[in-house]
$ cat work-v5.pdb   # PDB, C-alpha atoms
ATOM      1  CA  GLU A   1      86.874  92.178 101.206  1.00  0.00           C
ATOM      2  CA  VAL A   2      90.236  92.881  99.621  1.00  0.00           C
ATOM      3  CA  GLN A   3      93.232  93.205 101.899  1.00  0.00           C
ATOM      4  CA  LEU A   4      96.898  93.812 101.197  1.00  0.00           C
ATOM      5  CA  VAL A   5      99.121  93.249 104.212  1.00  0.00           C
ATOM      6  CA  GLU A   6     102.774  94.260 104.154  1.00  0.00           C
ATOM      7  CA  SER A   7     105.364  92.630 106.397  1.00  0.00           C
ATOM      8  CA  GLY A   8     109.113  92.582 106.845  1.00  0.00           C
ATOM      9  CA  GLY A   9     109.726  96.179 107.821  1.00  0.00           C
ATOM     10  CA  GLY A  10     111.841  97.305 110.717  1.00  0.00           C
ATOM     11  CA  LEU A  11     115.439  98.346 111.276  1.00  0.00           C
ATOM     12  CA  VAL A  12     118.014  97.538 108.588  1.00  0.00           C
ATOM     13  CA  GLN A  13     121.717  98.326 108.547  1.00  0.00           C
ATOM     14  CA  ALA A  14     123.084 100.376 105.681  1.00  0.00           C
ATOM     15  CA  GLY A  15     124.614  98.193 103.006  1.00  0.00           C
ATOM     16  CA  GLU A  16     122.365  95.231 103.766  1.00  0.00           C
ATOM     17  CA  SER A  17     119.378  93.934 101.840  1.00  0.00           C
ATOM     18  CA  LEU A  18     115.730  94.581 102.500  1.00  0.00           C
ATOM     19  CA  ARG A  19     112.950  92.112 101.860  1.00  0.00           C
ATOM     20  CA  LEU A  20     109.307  92.995 102.205  1.00  0.00           C
ATOM     21  CA  SER A  21     106.236  90.879 101.536  1.00  0.00           C
ATOM     22  CA  CYS A  22     102.723  91.799 100.445  1.00  0.00           C
ATOM     23  CA  LYS A  23     100.104  89.157 101.211  1.00  0.00           C
ATOM     24  CA  ALA A  24      96.862  89.607  99.275  1.00  0.00           C
ATOM     25  CA  SER A  25      93.432  88.304 100.147  1.00  0.00           C
ATOM     26  CA  GLY A  26      90.171  88.858  98.311  1.00  0.00           C
ATOM     27  CA  LEU A  27      91.940  89.081  94.963  1.00  0.00           C
ATOM     28  CA  SER A  28      94.384  86.992  92.938  1.00  0.00           C
ATOM     29  CA  ILE A  29      97.715  88.695  92.362  1.00  0.00           C
ATOM     30  CA  ASP A  30      98.037  87.071  88.930  1.00  0.00           C
ATOM     31  CA  HIS A  31      95.051  89.144  87.771  1.00  0.00           C
ATOM     32  CA  TYR A  32      96.484  92.470  88.966  1.00  0.00           C
ATOM     33  CA  ALA A  33      99.540  94.634  88.632  1.00  0.00           C
ATOM     34  CA  ILE A  34     101.171  94.851  92.055  1.00  0.00           C
ATOM     35  CA  GLY A  35     103.071  97.977  92.915  1.00  0.00           C
ATOM     36  CA  TRP A  36     105.404  98.953  95.714  1.00  0.00           C
ATOM     37  CA  TYR A  37     105.535 102.553  96.858  1.00  0.00           C
ATOM     38  CA  ARG A  38     107.322 104.414  99.583  1.00  0.00           C
ATOM     39  CA  GLN A  39     106.924 107.708 101.362  1.00  0.00           C
ATOM     40  CA  ALA A  40     109.807 109.262 103.222  1.00  0.00           C
ATOM     41  CA  PRO A  41     109.265 111.965 105.857  1.00  0.00           C
ATOM     42  CA  GLY A  42     108.442 115.272 104.197  1.00  0.00           C
ATOM     43  CA  LYS A  43     108.329 113.748 100.721  1.00  0.00           C
ATOM     44  CA  GLU A  44     105.632 112.604  98.336  1.00  0.00           C
ATOM     45  CA  ARG A  45     104.811 108.942  97.877  1.00  0.00           C
ATOM     46  CA  GLU A  46     106.763 107.438  94.999  1.00  0.00           C
ATOM     47  CA  GLU A  47     106.434 104.229  93.010  1.00  0.00           C
ATOM     48  CA  ILE A  48     109.491 101.983  93.189  1.00  0.00           C
ATOM     49  CA  SER A  49     108.204  98.811  91.536  1.00  0.00           C
ATOM     50  CA  CYS A  50     105.303  97.571  89.464  1.00  0.00           C
ATOM     51  CA  THR A  51     104.953  94.010  88.215  1.00  0.00           C
ATOM     52  CA  ARG A  52     102.229  92.208  86.310  1.00  0.00           C
ATOM     53  CA  THR A  53     102.508  88.427  86.340  1.00  0.00           C
ATOM     54  CA  TYR A  54     100.121  87.554  83.515  1.00  0.00           C
ATOM     55  CA  ASP A  55     102.178  89.299  80.829  1.00  0.00           C
ATOM     56  CA  GLY A  56     105.504  89.732  82.601  1.00  0.00           C
ATOM     57  CA  LYS A  57     105.504  93.517  82.447  1.00  0.00           C
ATOM     58  CA  THR A  58     107.766  95.076  85.056  1.00  0.00           C
ATOM     59  CA  HIS A  59     109.063  98.467  86.110  1.00  0.00           C
ATOM     60  CA  TYR A  60     111.715  99.159  88.697  1.00  0.00           C
ATOM     61  CA  ALA A  61     112.780 102.634  89.739  1.00  0.00           C
ATOM     62  CA  ASP A  62     116.263 101.521  90.748  1.00  0.00           C
ATOM     63  CA  PHE A  63     118.728  98.803  89.723  1.00  0.00           C
ATOM     64  CA  ARG A  64     118.850  97.651  93.366  1.00  0.00           C
ATOM     65  CA  ILE A  65     115.181  96.645  93.327  1.00  0.00           C
ATOM     66  CA  GLY A  66     113.469  93.422  92.303  1.00  0.00           C
ATOM     67  CA  ALA A  67     110.106  91.776  92.928  1.00  0.00           C
ATOM     68  CA  PHE A  68     108.965  88.171  92.946  1.00  0.00           C
ATOM     69  CA  SER A  69     105.401  86.894  92.796  1.00  0.00           C
ATOM     70  CA  ASP A  70     104.540  83.704  94.671  1.00  0.00           C
ATOM     71  CA  ILE A  71     101.231  82.804  93.050  1.00  0.00           C
ATOM     72  CA  GLY A  72     100.644  79.836  95.345  1.00  0.00           C
ATOM     73  CA  LYS A  73     100.842  82.047  98.432  1.00  0.00           C
ATOM     74  CA  ASN A  74      99.198  85.044  96.711  1.00  0.00           C
ATOM     75  CA  THR A  75     102.155  87.111  97.889  1.00  0.00           C
ATOM     76  CA  VAL A  76     104.566  89.513  96.215  1.00  0.00           C
ATOM     77  CA  HIS A  77     108.043  89.956  97.673  1.00  0.00           C
ATOM     78  CA  LEU A  78     110.138  93.078  97.216  1.00  0.00           C
ATOM     79  CA  HIS A  79     113.914  92.948  97.411  1.00  0.00           C
ATOM     80  CA  MET A  80     116.199  95.943  97.679  1.00  0.00           C
ATOM     81  CA  ASN A  81     119.970  95.587  97.884  1.00  0.00           C
ATOM     82  CA  LEU A  82     122.564  97.951  99.320  1.00  0.00           C
ATOM     83  CA  VAL A  83     120.129 100.051 101.308  1.00  0.00           C
ATOM     84  CA  THR A  84     121.134 103.504 102.548  1.00  0.00           C
ATOM     85  CA  PRO A  85     119.566 105.839 105.129  1.00  0.00           C
ATOM     86  CA  GLU A  86     117.834 107.560 102.185  1.00  0.00           C
ATOM     87  CA  ASP A  87     115.727 104.402 101.814  1.00  0.00           C
ATOM     88  CA  THR A  88     114.098 105.075 105.174  1.00  0.00           C
ATOM     89  CA  ALA A  89     110.364 105.376 104.519  1.00  0.00           C
ATOM     90  CA  VAL A  90     106.975 103.792 104.947  1.00  0.00           C
ATOM     91  CA  TYR A  91     106.622 101.152 102.234  1.00  0.00           C
ATOM     92  CA  TYR A  92     103.235 100.312 100.754  1.00  0.00           C
ATOM     93  CA  CYS A  93     102.013  97.704  98.342  1.00  0.00           C
ATOM     94  CA  ALA A  94      99.107  98.370  96.002  1.00  0.00           C
ATOM     95  CA  ALA A  95      97.029  96.516  93.438  1.00  0.00           C
ATOM     96  CA  SER A  96      95.935  97.823  90.061  1.00  0.00           C
ATOM     97  CA  SER A  97      93.438  96.220  87.677  1.00  0.00           C
ATOM     98  CA  ALA A  98      95.358  97.966  84.860  1.00  0.00           C
ATOM     99  CA  TRP A  99      98.891  99.337  85.432  1.00  0.00           C
ATOM    100  CA  CYS A 100     100.316 101.158  88.438  1.00  0.00           C
ATOM    101  CA  THR A 101     100.633 104.498  86.679  1.00  0.00           C
ATOM    102  CA  GLU A 102      97.045 104.285  85.393  1.00  0.00           C
ATOM    103  CA  ARG A 103      95.084 103.526  88.520  1.00  0.00           C
ATOM    104  CA  ILE A 104      95.378 101.956  91.958  1.00  0.00           C
ATOM    105  CA  ASP A 105      92.396  99.975  93.183  1.00  0.00           C
ATOM    106  CA  TYR A 106      93.664  98.862  96.593  1.00  0.00           C
ATOM    107  CA  TRP A 107      96.335  99.950  99.066  1.00  0.00           C
ATOM    108  CA  GLY A 108      97.978  98.228 101.970  1.00  0.00           C
ATOM    109  CA  GLN A 109      98.457  99.915 105.327  1.00  0.00           C
ATOM    110  CA  GLY A 110     102.203 100.264 104.958  1.00  0.00           C
ATOM    111  CA  THR A 111     105.239  99.082 106.890  1.00  0.00           C
ATOM    112  CA  GLN A 112     107.987 101.278 108.322  1.00  0.00           C
ATOM    113  CA  VAL A 113     111.559 100.682 107.213  1.00  0.00           C
ATOM    114  CA  THR A 114     114.383 102.490 108.966  1.00  0.00           C
ATOM    115  CA  VAL A 115     117.928 102.228 107.664  1.00  0.00           C
ATOM    116  CA  SER A 116     120.675 103.000 110.147  1.00  0.00           C
ATOM    117  CA  SER A 117     124.128 104.138 109.106  1.00  0.00           C
TER     118      SER A 117
END
$ encode --input "work-v5.pdb" --output "structure tokens"
Amino acid sequence: EVQLVESGGGLVQAGESLRLSCKASGLSIDHYAIGWYRQAPGKEREEISCTRTYDGKTHYADFRIGAFSDIGKNTVHLHMNLVTPEDTAVYYCAASSAWCTERIDYWGQGTQVTVSS
């Protein structure tokens, strides 16, 4: 059974950095593209990051965002600097056997991030 489990959400102060983790089981992250998405209240879910370790392909929606794959721990970490209240959302990780914009095979349950001003 494939599972993606996000962690690291919670309350963050505006101007600080956010770090989230996505621990995968049942698949190897170096065989998939791993995406990060978020959904703010009243808005559609949007992709903010997609990374594919085996060929180094990356996409970030914002210059404040980066992602790091820890192959040994089968975990992908998301970093976001200089957060603002507009970054408040539920953050999800996802795995694609192709690329994030082509198809998503698995979703995590999501983790809430709230940015206070």
$ resolve_selection --input "work-v5.pdb" --expression "the PyMOL selection byres ((chain A and resi 88-91) around 6)" --output "ChimeraX atom specification"
/A:37-40,85-87,92,110-115
$ residues_around --input "work-v5.pdb" --residues "Ile65 of chain A" --least-positions-apart "5" --cutoff "7 Å" --atoms "only C-alpha atoms" --output "number ranges by chain"
A: 60, 79-81
$ closest_residue --input "work-v5.pdb" --among "A:Cys93, A:Leu82, A:Val76, A:Leu4" --to "Asp62 of chain A" --atoms "only C-alpha atoms"
A:Leu82
$ resolve_selection --input "work-v5.pdb" --expression "the PyMOL selection byres ((chain A and resi 49) around 8)" --output "list in words"
Gly35, Trp36, Tyr37, Glu47, Ile48, Cys50, Thr51, Thr58, His59, Tyr60, Ala61, Ile65, Gly66 and Ala67 of chain A
$ atom_distance --input "work-v5.pdb" --atom1 "atom CA of Asp70 of chain A" --atom2 "atom CA of Gln13 of chain A"
26.5 Å
$ residues_near_point --input "work-v5.pdb" --point "(99.8, 104.4, 85.9)" --cutoff "12 Å" --atoms "only C-alpha atoms" --output "PDB file with C-alpha atoms, in the frame of the given file"
ATOM      1  CA  ALA A  33      99.540  94.634  88.632  1.00  0.00           C
ATOM      2  CA  ILE A  34     101.171  94.851  92.055  1.00  0.00           C
ATOM      3  CA  GLY A  35     103.071  97.977  92.915  1.00  0.00           C
ATOM      4  CA  GLU A  46     106.763 107.438  94.999  1.00  0.00           C
ATOM      5  CA  GLU A  47     106.434 104.229  93.010  1.00  0.00           C
ATOM      6  CA  SER A  49     108.204  98.811  91.536  1.00  0.00           C
ATOM      7  CA  CYS A  50     105.303  97.571  89.464  1.00  0.00           C
ATOM      8  CA  THR A  51     104.953  94.010  88.215  1.00  0.00           C
ATOM      9  CA  HIS A  59     109.063  98.467  86.110  1.00  0.00           C
ATOM     10  CA  ALA A  94      99.107  98.370  96.002  1.00  0.00           C
ATOM     11  CA  ALA A  95      97.029  96.516  93.438  1.00  0.00           C
ATOM     12  CA  SER A  96      95.935  97.823  90.061  1.00  0.00           C
ATOM     13  CA  SER A  97      93.438  96.220  87.677  1.00  0.00           C
ATOM     14  CA  ALA A  98      95.358  97.966  84.860  1.00  0.00           C
ATOM     15  CA  TRP A  99      98.891  99.337  85.432  1.00  0.00           C
ATOM     16  CA  CYS A 100     100.316 101.158  88.438  1.00  0.00           C
ATOM     17  CA  THR A 101     100.633 104.498  86.679  1.00  0.00           C
ATOM     18  CA  GLU A 102      97.045 104.285  85.393  1.00  0.00           C
ATOM     19  CA  ARG A 103      95.084 103.526  88.520  1.00  0.00           C
ATOM     20  CA  ILE A 104      95.378 101.956  91.958  1.00  0.00           C
ATOM     21  CA  ASP A 105      92.396  99.975  93.183  1.00  0.00           C
TER      22      ASP A 105
END
